[in-house]
$ cat structure_34.txt   # compact mmCIF, C-alpha atoms
# COMPACT_ATOMS: atom_id res chain seq x y z
CA MET A 1 -1.39 19.89 14.04
CA SER A 2 1.80 18.45 15.51
CA LYS A 3 5.41 19.21 14.64
CA GLY A 4 8.57 17.17 14.73
CA PHE A 5 11.28 15.41 12.72
CA GLY A 6 11.35 18.26 10.18
CA TYR A 7 7.69 18.06 9.17
CA GLU A 8 4.23 18.96 10.42
CA SER A 9 1.42 16.41 10.61
CA ALA A 10 -2.34 16.66 10.95
CA THR A 11 -5.19 14.14 10.96
CA ILE A 12 -8.19 14.99 8.78
CA PRO A 13 -11.48 13.28 7.88
CA VAL A 14 -11.45 12.28 4.22
CA ASN A 15 -14.36 9.99 3.43
CA VAL A 16 -17.21 7.91 4.88
CA ILE A 17 -17.93 4.45 3.48
CA ASP A 18 -20.42 1.94 4.89
CA GLY A 19 -20.80 4.13 7.96
CA GLN A 20 -17.07 4.03 8.68
CA GLN A 21 -15.18 7.32 8.84
CA LEU A 22 -11.90 7.18 6.94
CA TYR A 23 -9.09 9.53 7.97
CA GLY A 24 -5.85 10.69 6.50
CA THR A 25 -2.67 11.79 8.23
CA PHE A 26 -1.00 14.55 6.26
CA TYR A 27 2.72 15.18 6.62
CA HIS A 28 3.61 18.59 5.25
CA PRO A 29 7.15 19.82 4.68
CA SER A 30 7.87 22.44 7.34
CA LYS A 31 10.64 24.22 5.48
CA ASN A 32 10.17 26.79 2.75
CA GLY A 33 10.59 25.84 -0.88
CA ALA A 34 8.65 24.67 -3.89
CA TYR A 35 5.95 22.12 -3.15
CA LYS A 36 6.71 19.18 -5.45
CA GLY A 37 3.56 17.11 -5.06
CA THR A 38 1.54 14.90 -2.72
CA ILE A 39 2.14 11.19 -2.22
CA LEU A 40 -1.07 9.33 -1.35
CA TYR A 41 0.08 6.36 0.71
CA PHE A 42 -1.64 3.01 1.40
CA HIS A 43 -0.32 0.70 4.10
CA GLY A 44 0.27 -3.03 3.78
CA GLY A 45 -1.27 -5.91 5.68
CA GLY A 46 -2.96 -8.11 3.10
CA MET A 47 -6.01 -5.80 3.23
CA ILE A 48 -6.71 -7.47 6.59
CA PHE A 49 -4.50 -5.70 9.15
CA GLY A 50 -2.27 -2.62 9.38
CA HIS A 51 -2.74 1.11 9.81
CA ARG A 52 -2.06 4.30 7.88
CA GLU A 53 0.71 5.59 10.17
CA ASP A 54 3.04 2.62 9.73
CA LEU A 55 5.68 4.30 7.55
CA PRO A 56 8.92 4.63 9.57
CA GLN A 57 9.77 8.18 10.59
CA PRO A 58 13.13 8.37 8.74
CA TYR A 59 11.34 7.87 5.42
CA ILE A 60 8.70 10.50 6.16
CA SER A 61 11.48 12.94 7.06
CA LEU A 62 13.37 12.14 3.86
CA LEU A 63 10.33 12.70 1.64
CA THR A 64 9.12 15.86 3.35
CA GLU A 65 12.61 17.37 3.59
CA ASN A 66 12.78 17.07 -0.18
CA GLY A 67 9.54 18.97 -0.79
CA TYR A 68 6.93 16.20 -0.96
CA GLY A 69 3.76 16.04 1.09
CA LEU A 70 2.58 12.64 2.28
CA LEU A 71 -1.08 11.82 2.84
CA ALA A 72 -1.41 8.42 4.53
CA LEU A 73 -4.94 7.11 4.03
CA ASP A 74 -7.24 4.70 5.84
CA TYR A 75 -9.14 2.06 3.91
CA LEU A 76 -11.67 -0.58 4.90
CA LEU A 77 -10.29 -3.94 5.98
CA ALA A 78 -11.36 -7.50 5.23
CA PRO A 79 -13.08 -9.74 6.09
CA GLU A 80 -15.52 -7.28 7.68
CA SER A 81 -15.57 -5.52 4.31
CA LYS A 82 -15.00 -7.19 0.96
CA LEU A 83 -13.08 -6.03 -2.09
CA PRO A 84 -15.91 -4.07 -3.76
CA ALA A 85 -16.39 -1.86 -0.68
CA ILE A 86 -12.64 -1.61 -0.04
CA MET A 87 -12.04 -0.42 -3.60
CA GLN A 88 -15.01 1.94 -3.58
CA GLY A 89 -13.77 3.62 -0.42
CA ILE A 90 -10.28 4.09 -1.83
CA SER A 91 -11.65 5.47 -5.09
CA GLN A 92 -13.72 8.00 -3.15
CA SER A 93 -10.72 9.05 -1.06
CA ILE A 94 -8.57 9.58 -4.16
CA GLU A 95 -11.37 11.52 -5.80
CA TRP A 96 -11.67 13.66 -2.66
CA PHE A 97 -8.02 14.59 -2.99
CA ILE A 98 -8.33 15.33 -6.72
CA GLN A 99 -11.39 17.57 -6.20
CA GLU A 100 -10.85 19.06 -2.74
CA GLY A 101 -7.45 18.08 -1.40
CA ALA A 102 -5.43 21.08 -2.50
CA THR A 103 -7.92 23.48 -0.92
CA ALA A 104 -8.48 21.45 2.24
CA LEU A 105 -4.75 21.00 2.84
CA ASN A 106 -3.73 24.47 1.63
CA LEU A 107 -1.48 23.13 -1.12
CA ASP A 108 -0.08 24.95 -4.12
CA HIS A 109 -1.44 22.31 -6.50
CA ALA A 110 -3.10 18.89 -6.62
CA GLU A 111 -0.44 16.92 -8.51
CA TYR A 112 -0.15 13.55 -6.82
CA TYR A 113 1.51 10.15 -6.73
CA LEU A 114 0.09 6.85 -5.52
CA MET A 115 2.30 4.81 -3.20
CA GLY A 116 1.85 1.59 -1.27
CA ARG A 117 3.69 -1.21 0.41
CA SER A 118 2.71 -4.86 -0.15
CA ALA A 119 -1.12 -4.91 -0.39
CA GLY A 120 -0.90 -1.11 -0.46
CA GLY A 121 1.32 -1.40 -3.53
CA TYR A 122 -1.38 -3.44 -5.23
CA LEU A 123 -3.99 -0.85 -4.26
CA ALA A 124 -1.81 1.97 -5.61
CA LEU A 125 -1.30 0.18 -8.92
CA TYR A 126 -4.96 -0.77 -9.29
CA HIS A 127 -6.23 2.74 -8.62
CA ALA A 128 -3.60 4.37 -10.81
CA ALA A 129 -5.18 2.41 -13.66
CA HIS A 130 -8.71 3.47 -12.70
CA ALA A 131 -8.43 7.03 -11.33
CA SER A 132 -10.39 9.80 -13.07
CA THR A 133 -7.22 11.91 -13.13
CA LYS A 134 -4.03 9.91 -13.52
CA PRO A 135 -1.32 10.34 -10.91
CA ARG A 136 2.09 11.65 -11.94
CA GLY A 137 3.58 8.35 -10.90
CA VAL A 138 3.19 5.15 -8.90
CA ILE A 139 5.44 3.79 -6.15
CA ALA A 140 5.12 0.05 -5.47
CA PHE A 141 7.09 -1.49 -2.62
CA TYR A 142 6.92 -5.31 -2.90
CA GLY A 143 3.45 -5.08 -4.40
CA TYR A 144 1.55 -7.19 -6.90
CA TYR A 145 -0.82 -6.65 -9.81
CA THR A 146 -2.88 -9.82 -9.80
CA LEU A 147 -4.81 -11.73 -7.15
CA SER A 148 -4.68 -14.83 -9.35
CA ASP A 149 -1.04 -15.66 -8.61
CA ALA A 150 -0.90 -19.38 -7.86
CA SER A 151 1.00 -18.81 -4.60
CA PHE A 152 -1.85 -16.67 -3.23
CA ASN A 153 -4.39 -19.44 -3.64
CA VAL A 154 -2.66 -22.37 -1.96
CA PRO A 155 -1.32 -22.77 1.59
CA SER A 156 1.81 -20.65 2.01
CA ARG A 157 4.93 -22.57 2.98
CA TYR A 158 6.19 -19.46 4.74
CA ALA A 159 2.99 -19.09 6.78
CA LEU A 160 3.01 -22.79 7.65
CA GLN A 161 6.31 -22.33 9.48
CA TYR A 162 4.31 -20.66 12.27
CA PRO A 163 1.90 -22.32 14.74
CA GLN A 164 -1.49 -23.02 13.21
CA VAL A 165 -4.01 -20.28 13.95
CA SER A 166 -7.22 -21.87 15.21
CA ASP A 167 -10.71 -21.19 13.90
CA GLN A 168 -11.61 -19.95 17.38
CA MET A 169 -8.81 -17.39 17.31
CA MET A 170 -9.91 -16.22 13.87
CA ASP A 171 -13.50 -15.82 15.01
CA SER A 172 -12.40 -13.79 18.05
CA LEU A 173 -10.55 -11.29 15.86
CA ILE A 174 -13.40 -10.61 13.41
CA VAL A 175 -15.79 -7.85 14.47
CA LYS A 176 -19.34 -7.16 13.35
CA GLN A 177 -18.90 -3.68 11.85
CA PRO A 178 -16.60 -2.26 9.15
CA ILE A 179 -13.17 -1.24 10.42
CA ALA A 180 -10.21 0.61 8.96
CA SER A 181 -6.56 1.13 9.79
CA GLU A 182 -6.29 -1.45 12.57
CA PRO A 183 -2.97 -1.24 14.48
CA SER A 184 -3.49 -4.32 16.65
CA LYS A 185 -0.63 -6.78 16.22
CA GLN A 186 -3.01 -9.64 16.96
CA ARG A 187 -4.91 -8.82 13.81
CA TYR A 188 -1.91 -10.13 11.84
CA LEU A 189 -3.03 -13.61 12.92
CA LEU A 190 -6.07 -13.31 10.63
CA TYR A 191 -3.81 -12.81 7.64
CA LEU A 192 -1.51 -15.61 8.77
CA ALA A 193 -4.49 -17.95 9.16
CA ALA A 194 -5.79 -17.14 5.68
CA ARG A 195 -2.37 -17.79 4.14
CA GLN A 196 -2.01 -21.04 6.09
CA ARG A 197 -5.35 -22.23 4.76
CA GLY A 198 -4.73 -21.06 1.21
CA ASN A 199 -7.99 -19.08 1.14
CA TRP A 200 -6.63 -15.56 1.54
CA ILE A 201 -8.06 -14.22 -1.72
CA SER A 202 -11.56 -15.58 -1.16
CA PHE A 203 -11.28 -14.35 2.45
CA ILE A 204 -10.95 -10.75 1.22
CA SER A 205 -13.17 -10.98 -1.84
CA GLY A 206 -16.00 -13.23 -0.71
CA ASN A 207 -16.55 -14.25 -4.33
CA GLN A 208 -13.93 -16.29 -6.15
CA GLN A 209 -15.46 -15.51 -9.54
CA GLN A 210 -14.99 -11.75 -9.00
CA ASN A 211 -11.27 -11.98 -8.33
CA ARG A 212 -10.20 -11.51 -11.94
CA ASP A 213 -12.15 -8.25 -11.98
CA TYR A 214 -9.49 -6.93 -9.63
CA ASP A 215 -6.48 -8.16 -11.60
CA LEU A 216 -4.59 -5.70 -13.79
CA THR A 217 -4.10 -6.83 -17.39
CA LYS A 218 -0.99 -6.29 -19.47
CA GLU A 219 -2.92 -3.68 -21.43
CA GLN A 220 -3.84 -1.78 -18.26
CA LEU A 221 -0.29 -1.93 -16.94
CA ALA A 222 0.91 -0.46 -20.23
CA THR A 223 -1.18 2.66 -19.57
CA LEU A 224 0.32 3.39 -16.14
CA PRO A 225 2.45 6.47 -15.59
CA ALA A 226 6.10 6.31 -14.50
CA THR A 227 6.45 3.66 -11.79
CA PHE A 228 9.08 3.00 -9.12
CA ILE A 229 9.23 -0.68 -8.12
CA THR A 230 11.24 -2.35 -5.40
CA ALA A 231 11.21 -5.76 -3.74
CA ALA A 232 13.44 -8.26 -1.97
CA THR A 233 15.04 -10.92 -4.16
CA GLN A 234 14.02 -13.66 -1.70
CA ASP A 235 10.66 -12.29 -0.58
CA PRO A 236 8.94 -15.17 1.26
CA ASP A 237 5.44 -13.66 1.17
CA VAL A 238 4.90 -12.02 -2.24
CA PRO A 239 6.77 -13.60 -5.16
CA VAL A 240 9.44 -11.26 -6.56
CA ARG A 241 8.28 -12.31 -10.04
CA GLN A 242 5.30 -9.99 -9.56
CA SER A 243 7.66 -7.00 -9.35
CA LYS A 244 9.67 -8.27 -12.31
CA MET A 245 6.52 -8.61 -14.41
CA LEU A 246 5.42 -5.12 -13.41
CA HIS A 247 8.73 -3.80 -14.68
CA LYS A 248 8.29 -5.76 -17.92
CA PHE A 249 4.75 -4.53 -18.63
CA ILE A 250 4.94 -0.89 -17.46
CA PRO A 251 6.81 1.01 -20.19
CA GLU A 252 8.29 3.74 -17.99
CA SER A 253 9.36 1.88 -14.87
CA GLU A 254 12.40 1.41 -12.68
CA LEU A 255 13.02 -1.84 -10.79
CA HIS A 256 15.23 -1.82 -7.69
CA LEU A 257 15.79 -5.32 -6.34
CA VAL A 258 17.22 -5.65 -2.84
CA GLU A 259 19.20 -8.62 -1.53
CA SER A 260 17.07 -9.66 1.44
CA VAL A 261 14.99 -12.54 2.77
CA GLU A 262 12.55 -10.10 4.39
CA HIS A 263 9.22 -9.28 2.72
CA ASP A 264 8.99 -5.78 4.20
CA PHE A 265 12.73 -5.14 4.22
CA ASP A 266 12.29 -1.38 4.63
CA ARG A 267 10.56 -1.98 7.97
CA THR A 268 13.03 -4.50 9.36
CA GLN A 269 16.25 -3.17 7.77
CA VAL A 270 15.88 0.61 7.88
CA ASP A 271 19.53 1.56 8.17
CA GLU A 272 20.94 -1.38 6.19
CA LEU A 273 18.64 -1.19 3.15
CA GLY A 274 15.69 1.14 3.60
CA ILE A 275 17.36 4.55 3.63
CA GLU A 276 19.25 3.74 0.43
CA ILE A 277 16.07 2.69 -1.39
CA TYR A 278 14.13 5.77 -0.24
CA SER A 279 17.03 7.97 -1.32
CA ARG A 280 16.74 6.38 -4.77
CA LEU A 281 12.99 7.02 -4.61
CA VAL A 282 13.55 10.73 -3.94
CA LYS A 283 15.94 10.91 -6.90
CA TRP A 284 13.34 9.19 -9.07
CA LEU A 285 10.64 11.59 -7.90
CA ASP A 286 12.82 14.60 -8.64
CA ASN A 287 13.58 13.29 -12.13
CA ASN A 288 9.97 12.42 -12.92

$ encode --input "structure_34.txt" --output "structure tokens"
Amino acid sequence: MSKGFGYESATIPVNVIDGQQLYGTFYHPSKNGAYKGTILYFHGGGMIFGHREDLPQPYISLLTENGYGLLALDYLLAPESKLPAIMQGISQSIEWFIQEGATALNLDHAEYYLMGRSAGGYLALYHAAHASTKPRGVIAFYGYYTLSDASFNVPSRYALQYPQVSDQMMDSLIVKQPIASEPSKQRYLLYLAARQRGNWISFISGNQQQNRDYDLTKEQLATLPATFITAATQDPDVPVRQSKMLHKFIPESELHLVESVEHDFDRTQVDELGIEIYSRLVKWLDNN
């Protein structure tokens, strides 16, 4: 266990799926006080790249200083793994926390929230609708609820601003075994290539006909617990309309739109925008 920035952190094995060990990094408040709950966090990256420890330190400090534990979780990545295996692994990790997490992490209770950024926001929303024990709330940073959005299934104008990623480069970045939580910046090129070609969704699912099985319906969204939603008004990667529709269909939800042209504004604009939004998040958590 390591200490710093007002919290303690430890890496623990959580789950094994398709022979791949999945880990979690747990950030525990180091000060005394009532333990308010555990936030299970899923990173972004289009389900293709990214890693569990990508949340900027100021936000971890803010959450843990206010009595919340944060468990950042691995999940399988595409295209080495497809959506069914990705979702199964996440379900098993959430179930592990529900059944064993409080004991394994020495917590006062197992009340939890699901949180994610971008693709992680989608994963949090999807699993909140399908978990055996509902979370107390959901936190979706520039996420989405459907893979059938028209913009996801055609070449992205934003992605096409960048040099074309070659087939050879794509092939060099794909490995032969399942992987999880990949921090390599080069891996981003796989996502960029898929968005340039307009085949991102089939790239992660492997079966176009199955995609609607992983959409959330209006009826499912209506069953979700309290939800905190935020996104940039001019998000170039995930249409802000997805966040607006989430707010419309989830009865107990808050929508916090941010004036920015950055998709992941809380990564690129920590001091300008991020701290304010995470302070609002803490207030929402405390009021939930």

$ atom_distance --input "structure_34.txt" --atom1 "atom CA of Val238 of chain A" --atom2 "atom CA of Gln196 of chain A"
14.1 Å

$ closest_residue --input "structure_34.txt" --among "A:Ile86, A:Leu190, A:Met115, A:Leu273" --to "Arg136 of chain A" --atoms "all atoms listed in the file"
A:Met115

$ closest_atom_pairs --input "structure_34.txt" --of "segment 184-270 of chain A" --to "segment 137-143 of chain A" --cutoff "9 Å" --atoms "all atoms listed in the file" --output "Markdown table"
| residue | atom | partner | partner_atom | distance |
| --- | --- | --- | --- | --- |
| A:Leu224 | CA | A:Gly137 | CA | 7.9 |
| A:Pro225 | CA | A:Gly137 | CA | 5.2 |
| A:Ala226 | CA | A:Gly137 | CA | 4.8 |
| A:Thr227 | CA | A:Val138 | CA | 4.6 |
| A:Phe228 | CA | A:Ile139 | CA | 4.8 |
| A:Ile229 | CA | A:Ala140 | CA | 4.9 |
| A:Thr230 | CA | A:Phe141 | CA | 5.1 |
| A:Ala231 | CA | A:Tyr142 | CA | 4.4 |
| A:Ala232 | CA | A:Tyr142 | CA | 7.2 |
| A:Asp235 | CA | A:Tyr142 | CA | 8.3 |
| A:Val238 | CA | A:Tyr142 | CA | 7.0 |
| A:Pro239 | CA | A:Tyr142 | CA | 8.6 |
| A:Val240 | CA | A:Tyr142 | CA | 7.4 |
| A:Gln242 | CA | A:Gly143 | CA | 7.4 |
| A:Ser243 | CA | A:Tyr142 | CA | 6.7 |
| A:His263 | CA | A:Tyr142 | CA | 7.3 |
| A:Asp264 | CA | A:Tyr142 | CA | 7.4 |
| A:Asp266 | CA | A:Phe141 | CA | 8.9 |

$ residues_around --input "structure_34.txt" --residues "Lys134 of chain A" --least-positions-apart "2" --cutoff "12 Å" --atoms "only C-alpha atoms" --output "ChimeraX atom specification"
/A:94-95,98,110-114,124-132,136-138,223-226

$ residues_around --input "structure_34.txt" --residues "Gln234 of chain A" --least-positions-apart "6" --cutoff "9 Å" --atoms "all atoms listed in the file" --output "PDB file with C-alpha atoms, keeping the file's coordinate frame"
ATOM      1  CA  VAL A 240       9.440 -11.260  -6.560  1.00  0.00           C
ATOM      2  CA  VAL A 258      17.220  -5.650  -2.840  1.00  0.00           C
ATOM      3  CA  GLU A 259      19.200  -8.620  -1.530  1.00  0.00           C
ATOM      4  CA  SER A 260      17.070  -9.660   1.440  1.00  0.00           C
ATOM      5  CA  VAL A 261      14.990 -12.540   2.770  1.00  0.00           C
ATOM      6  CA  GLU A 262      12.550 -10.100   4.390  1.00  0.00           C
ATOM      7  CA  HIS A 263       9.220  -9.280   2.720  1.00  0.00           C
TER       8      HIS A 263
END

$ closest_residue --input "structure_34.txt" --among "A:Gly274, A:Gly120, A:Pro178, A:Gly198" --to "Asp149 of chain A" --atoms "all atoms listed in the file"
A:Gly198

$ closest_residue --input "structure_34.txt" --among "A:Gln164, A:Ser202, A:Gln269, A:Thr64" --to "Asn32 of chain A" --atoms "all atoms listed in the file"
A:Thr64

$ closest_residue --input "structure_34.txt" --among "A:Arg117, A:Lys283, A:Arg187, A:Arg267" --to "Pro58 of chain A" --atoms "all atoms listed in the file"
A:Arg267

$ closest_residue --input "structure_34.txt" --among "A:Ile60, A:Leu55, A:Ala119, A:Ile179" --to "Tyr75 of chain A" --atoms "all atoms listed in the file"
A:Ile179

$ residues_around --input "structure_34.txt" --residues "Ala159 of chain A" --least-positions-apart "5" --cutoff "12 Å" --atoms "only C-alpha atoms" --output "PyMOL selection string"
chain A and resi 151-152+154+164-165+188-198+200+236-238

$ closest_residue --input "structure_34.txt" --among "A:Gly19, A:Pro79, A:Pro135, A:Gly67" --to "Ile48 of chain A" --atoms "all atoms listed in the file"
A:Pro79

$ atom_distance --input "structure_34.txt" --atom1 "atom CA of Leu257 of chain A" --atom2 "atom CA of Tyr122 of chain A"
17.3 Å

$ atom_distance --input "structure_34.txt" --atom1 "atom CA of Pro13 of chain A" --atom2 "atom CA of His28 of chain A"
16.2 Å

$ residues_around --input "structure_34.txt" --residues "Ile17 of chain A" --least-positions-apart "4" --cutoff "9 Å" --atoms "all atoms listed in the file" --output "VMD selection string"
chain A and resid 21 to 22 76 85 to 86 88 to 89 92 178

$ write_last_selection --input "structure_34.txt" --atoms "C-alpha atoms" --output "mmCIF file, in the coordinates of the input"
data_model
loop_
_atom_site.group_PDB
_atom_site.id
_atom_site.type_symbol
_atom_site.label_atom_id
_atom_site.label_comp_id
_atom_site.auth_asym_id
_atom_site.auth_seq_id
_atom_site.Cartn_x
_atom_site.Cartn_y
_atom_site.Cartn_z
ATOM 1 C CA GLN A 21 -15.180 7.320 8.840
ATOM 2 C CA LEU A 22 -11.900 7.180 6.940
ATOM 3 C CA LEU A 76 -11.670 -0.580 4.900
ATOM 4 C CA ALA A 85 -16.390 -1.860 -0.680
ATOM 5 C CA ILE A 86 -12.640 -1.610 -0.040
ATOM 6 C CA GLN A 88 -15.010 1.940 -3.580
ATOM 7 C CA GLY A 89 -13.770 3.620 -0.420
ATOM 8 C CA GLN A 92 -13.720 8.000 -3.150
ATOM 9 C CA PRO A 178 -16.600 -2.260 9.150
#

$ build_atoms --input "structure_34.txt" --residues "segment 5-15 of chain A" --atoms "all heavy atoms" --output "PDB file, keeping the file's coordinate frame"
ATOM      1  N   PHE A   5      10.518  16.146  13.721  1.00  0.00           N
ATOM      2  CA  PHE A   5      11.280  15.410  12.720  1.00  0.00           C
ATOM      3  C   PHE A   5      11.373  16.159  11.390  1.00  0.00           C
ATOM      4  O   PHE A   5      11.566  15.554  10.349  1.00  0.00           O
ATOM      5  CB  PHE A   5      10.660  14.026  12.472  1.00  0.00           C
ATOM      6  CG  PHE A   5      10.432  13.233  13.726  1.00  0.00           C
ATOM      7  CD1 PHE A   5       9.150  12.961  14.178  1.00  0.00           C
ATOM      8  CD2 PHE A   5      11.509  12.764  14.461  1.00  0.00           C
ATOM      9  CE1 PHE A   5       8.945  12.227  15.336  1.00  0.00           C
ATOM     10  CE2 PHE A   5      11.313  12.026  15.616  1.00  0.00           C
ATOM     11  CZ  PHE A   5      10.031  11.758  16.061  1.00  0.00           C
ATOM     12  N   GLY A   6      11.217  17.494  11.404  1.00  0.00           N
ATOM     13  CA  GLY A   6      11.350  18.260  10.180  1.00  0.00           C
ATOM     14  C   GLY A   6      10.088  18.404   9.372  1.00  0.00           C
ATOM     15  O   GLY A   6      10.108  18.938   8.267  1.00  0.00           O
ATOM     16  N   TYR A   7       8.954  17.931   9.893  1.00  0.00           N
ATOM     17  CA  TYR A   7       7.690  18.060   9.170  1.00  0.00           C
ATOM     18  C   TYR A   7       6.565  18.314  10.168  1.00  0.00           C
ATOM     19  O   TYR A   7       6.708  18.097  11.371  1.00  0.00           O
ATOM     20  CB  TYR A   7       7.383  16.812   8.342  1.00  0.00           C
ATOM     21  CG  TYR A   7       7.413  15.516   9.127  1.00  0.00           C
ATOM     22  CD1 TYR A   7       6.334  15.127   9.923  1.00  0.00           C
ATOM     23  CD2 TYR A   7       8.503  14.666   9.066  1.00  0.00           C
ATOM     24  CE1 TYR A   7       6.343  13.944  10.639  1.00  0.00           C
ATOM     25  CE2 TYR A   7       8.534  13.476   9.783  1.00  0.00           C
ATOM     26  CZ  TYR A   7       7.452  13.121  10.567  1.00  0.00           C
ATOM     27  OH  TYR A   7       7.477  11.949  11.272  1.00  0.00           O
ATOM     28  N   GLU A   8       5.448  18.794   9.631  1.00  0.00           N
ATOM     29  CA  GLU A   8       4.230  18.960  10.420  1.00  0.00           C
ATOM     30  C   GLU A   8       3.249  17.865  10.011  1.00  0.00           C
ATOM     31  O   GLU A   8       3.237  17.426   8.864  1.00  0.00           O
ATOM     32  CB  GLU A   8       3.617  20.332  10.172  1.00  0.00           C
ATOM     33  CG  GLU A   8       4.524  21.495  10.545  1.00  0.00           C
ATOM     34  CD  GLU A   8       3.904  22.831  10.186  1.00  0.00           C
ATOM     35  OE1 GLU A   8       2.876  22.843   9.467  1.00  0.00           O
ATOM     36  OE2 GLU A   8       4.450  23.862  10.603  1.00  0.00           O
ATOM     37  N   SER A   9       2.423  17.422  10.955  1.00  0.00           N
ATOM     38  CA  SER A   9       1.420  16.410  10.610  1.00  0.00           C
ATOM     39  C   SER A   9       0.068  16.803  11.191  1.00  0.00           C
ATOM     40  O   SER A   9      -0.009  17.481  12.214  1.00  0.00           O
ATOM     41  CB  SER A   9       1.828  15.032  11.144  1.00  0.00           C
ATOM     42  OG  SER A   9       1.844  15.008  12.550  1.00  0.00           O
ATOM     43  N   ALA A  10      -0.972  16.401  10.496  1.00  0.00           N
ATOM     44  CA  ALA A  10      -2.340  16.660  10.950  1.00  0.00           C
ATOM     45  C   ALA A  10      -3.232  15.530  10.487  1.00  0.00           C
ATOM     46  O   ALA A  10      -3.035  14.957   9.408  1.00  0.00           O
ATOM     47  CB  ALA A  10      -2.843  17.986  10.385  1.00  0.00           C
ATOM     48  N   THR A  11      -4.226  15.168  11.302  1.00  0.00           N
ATOM     49  CA  THR A  11      -5.190  14.140  10.960  1.00  0.00           C
ATOM     50  C   THR A  11      -6.478  14.807  10.501  1.00  0.00           C
ATOM     51  O   THR A  11      -6.999  15.709  11.175  1.00  0.00           O
ATOM     52  CB  THR A  11      -5.470  13.223  12.164  1.00  0.00           C
ATOM     53  OG1 THR A  11      -4.252  12.587  12.547  1.00  0.00           O
ATOM     54  CG2 THR A  11      -6.508  12.164  11.811  1.00  0.00           C
ATOM     55  N   ILE A  12      -7.001  14.370   9.357  1.00  0.00           N
ATOM     56  CA  ILE A  12      -8.190  14.990   8.780  1.00  0.00           C
ATOM     57  C   ILE A  12      -9.180  13.922   8.340  1.00  0.00           C
ATOM     58  O   ILE A  12      -8.783  12.839   7.904  1.00  0.00           O
ATOM     59  CB  ILE A  12      -7.829  15.884   7.568  1.00  0.00           C
ATOM     60  CG1 ILE A  12      -7.069  15.056   6.516  1.00  0.00           C
ATOM     61  CG2 ILE A  12      -7.013  17.090   7.982  1.00  0.00           C
ATOM     62  CD1 ILE A  12      -6.882  15.772   5.202  1.00  0.00           C
ATOM     63  N   PRO A  13     -10.488  14.196   8.446  1.00  0.00           N
ATOM     64  CA  PRO A  13     -11.480  13.280   7.880  1.00  0.00           C
ATOM     65  C   PRO A  13     -11.501  13.407   6.365  1.00  0.00           C
ATOM     66  O   PRO A  13     -11.459  14.512   5.822  1.00  0.00           O
ATOM     67  CB  PRO A  13     -12.796  13.765   8.502  1.00  0.00           C
ATOM     68  CG  PRO A  13     -12.555  15.212   8.811  1.00  0.00           C
ATOM     69  CD  PRO A  13     -11.104  15.348   9.134  1.00  0.00           C
ATOM     70  N   VAL A  14     -11.545  12.278   5.687  1.00  0.00           N
ATOM     71  CA  VAL A  14     -11.450  12.280   4.220  1.00  0.00           C
ATOM     72  C   VAL A  14     -12.716  11.761   3.564  1.00  0.00           C
ATOM     73  O   VAL A  14     -13.174  12.282   2.556  1.00  0.00           O
ATOM     74  CB  VAL A  14     -10.225  11.451   3.782  1.00  0.00           C
ATOM     75  CG1 VAL A  14     -10.223  11.226   2.269  1.00  0.00           C
ATOM     76  CG2 VAL A  14      -8.930  12.140   4.207  1.00  0.00           C
ATOM     77  N   ASN A  15     -13.316  10.706   4.151  1.00  0.00           N
ATOM     78  CA  ASN A  15     -14.360   9.990   3.430  1.00  0.00           C
ATOM     79  C   ASN A  15     -15.140   9.134   4.413  1.00  0.00           C
ATOM     80  O   ASN A  15     -14.632   8.755   5.462  1.00  0.00           O
ATOM     81  CB  ASN A  15     -13.677   9.111   2.361  1.00  0.00           C
ATOM     82  CG  ASN A  15     -14.641   8.321   1.522  1.00  0.00           C
ATOM     83  OD1 ASN A  15     -15.804   8.672   1.379  1.00  0.00           O
ATOM     84  ND2 ASN A  15     -14.143   7.228   0.959  1.00  0.00           N
TER      85      ASN A  15
END
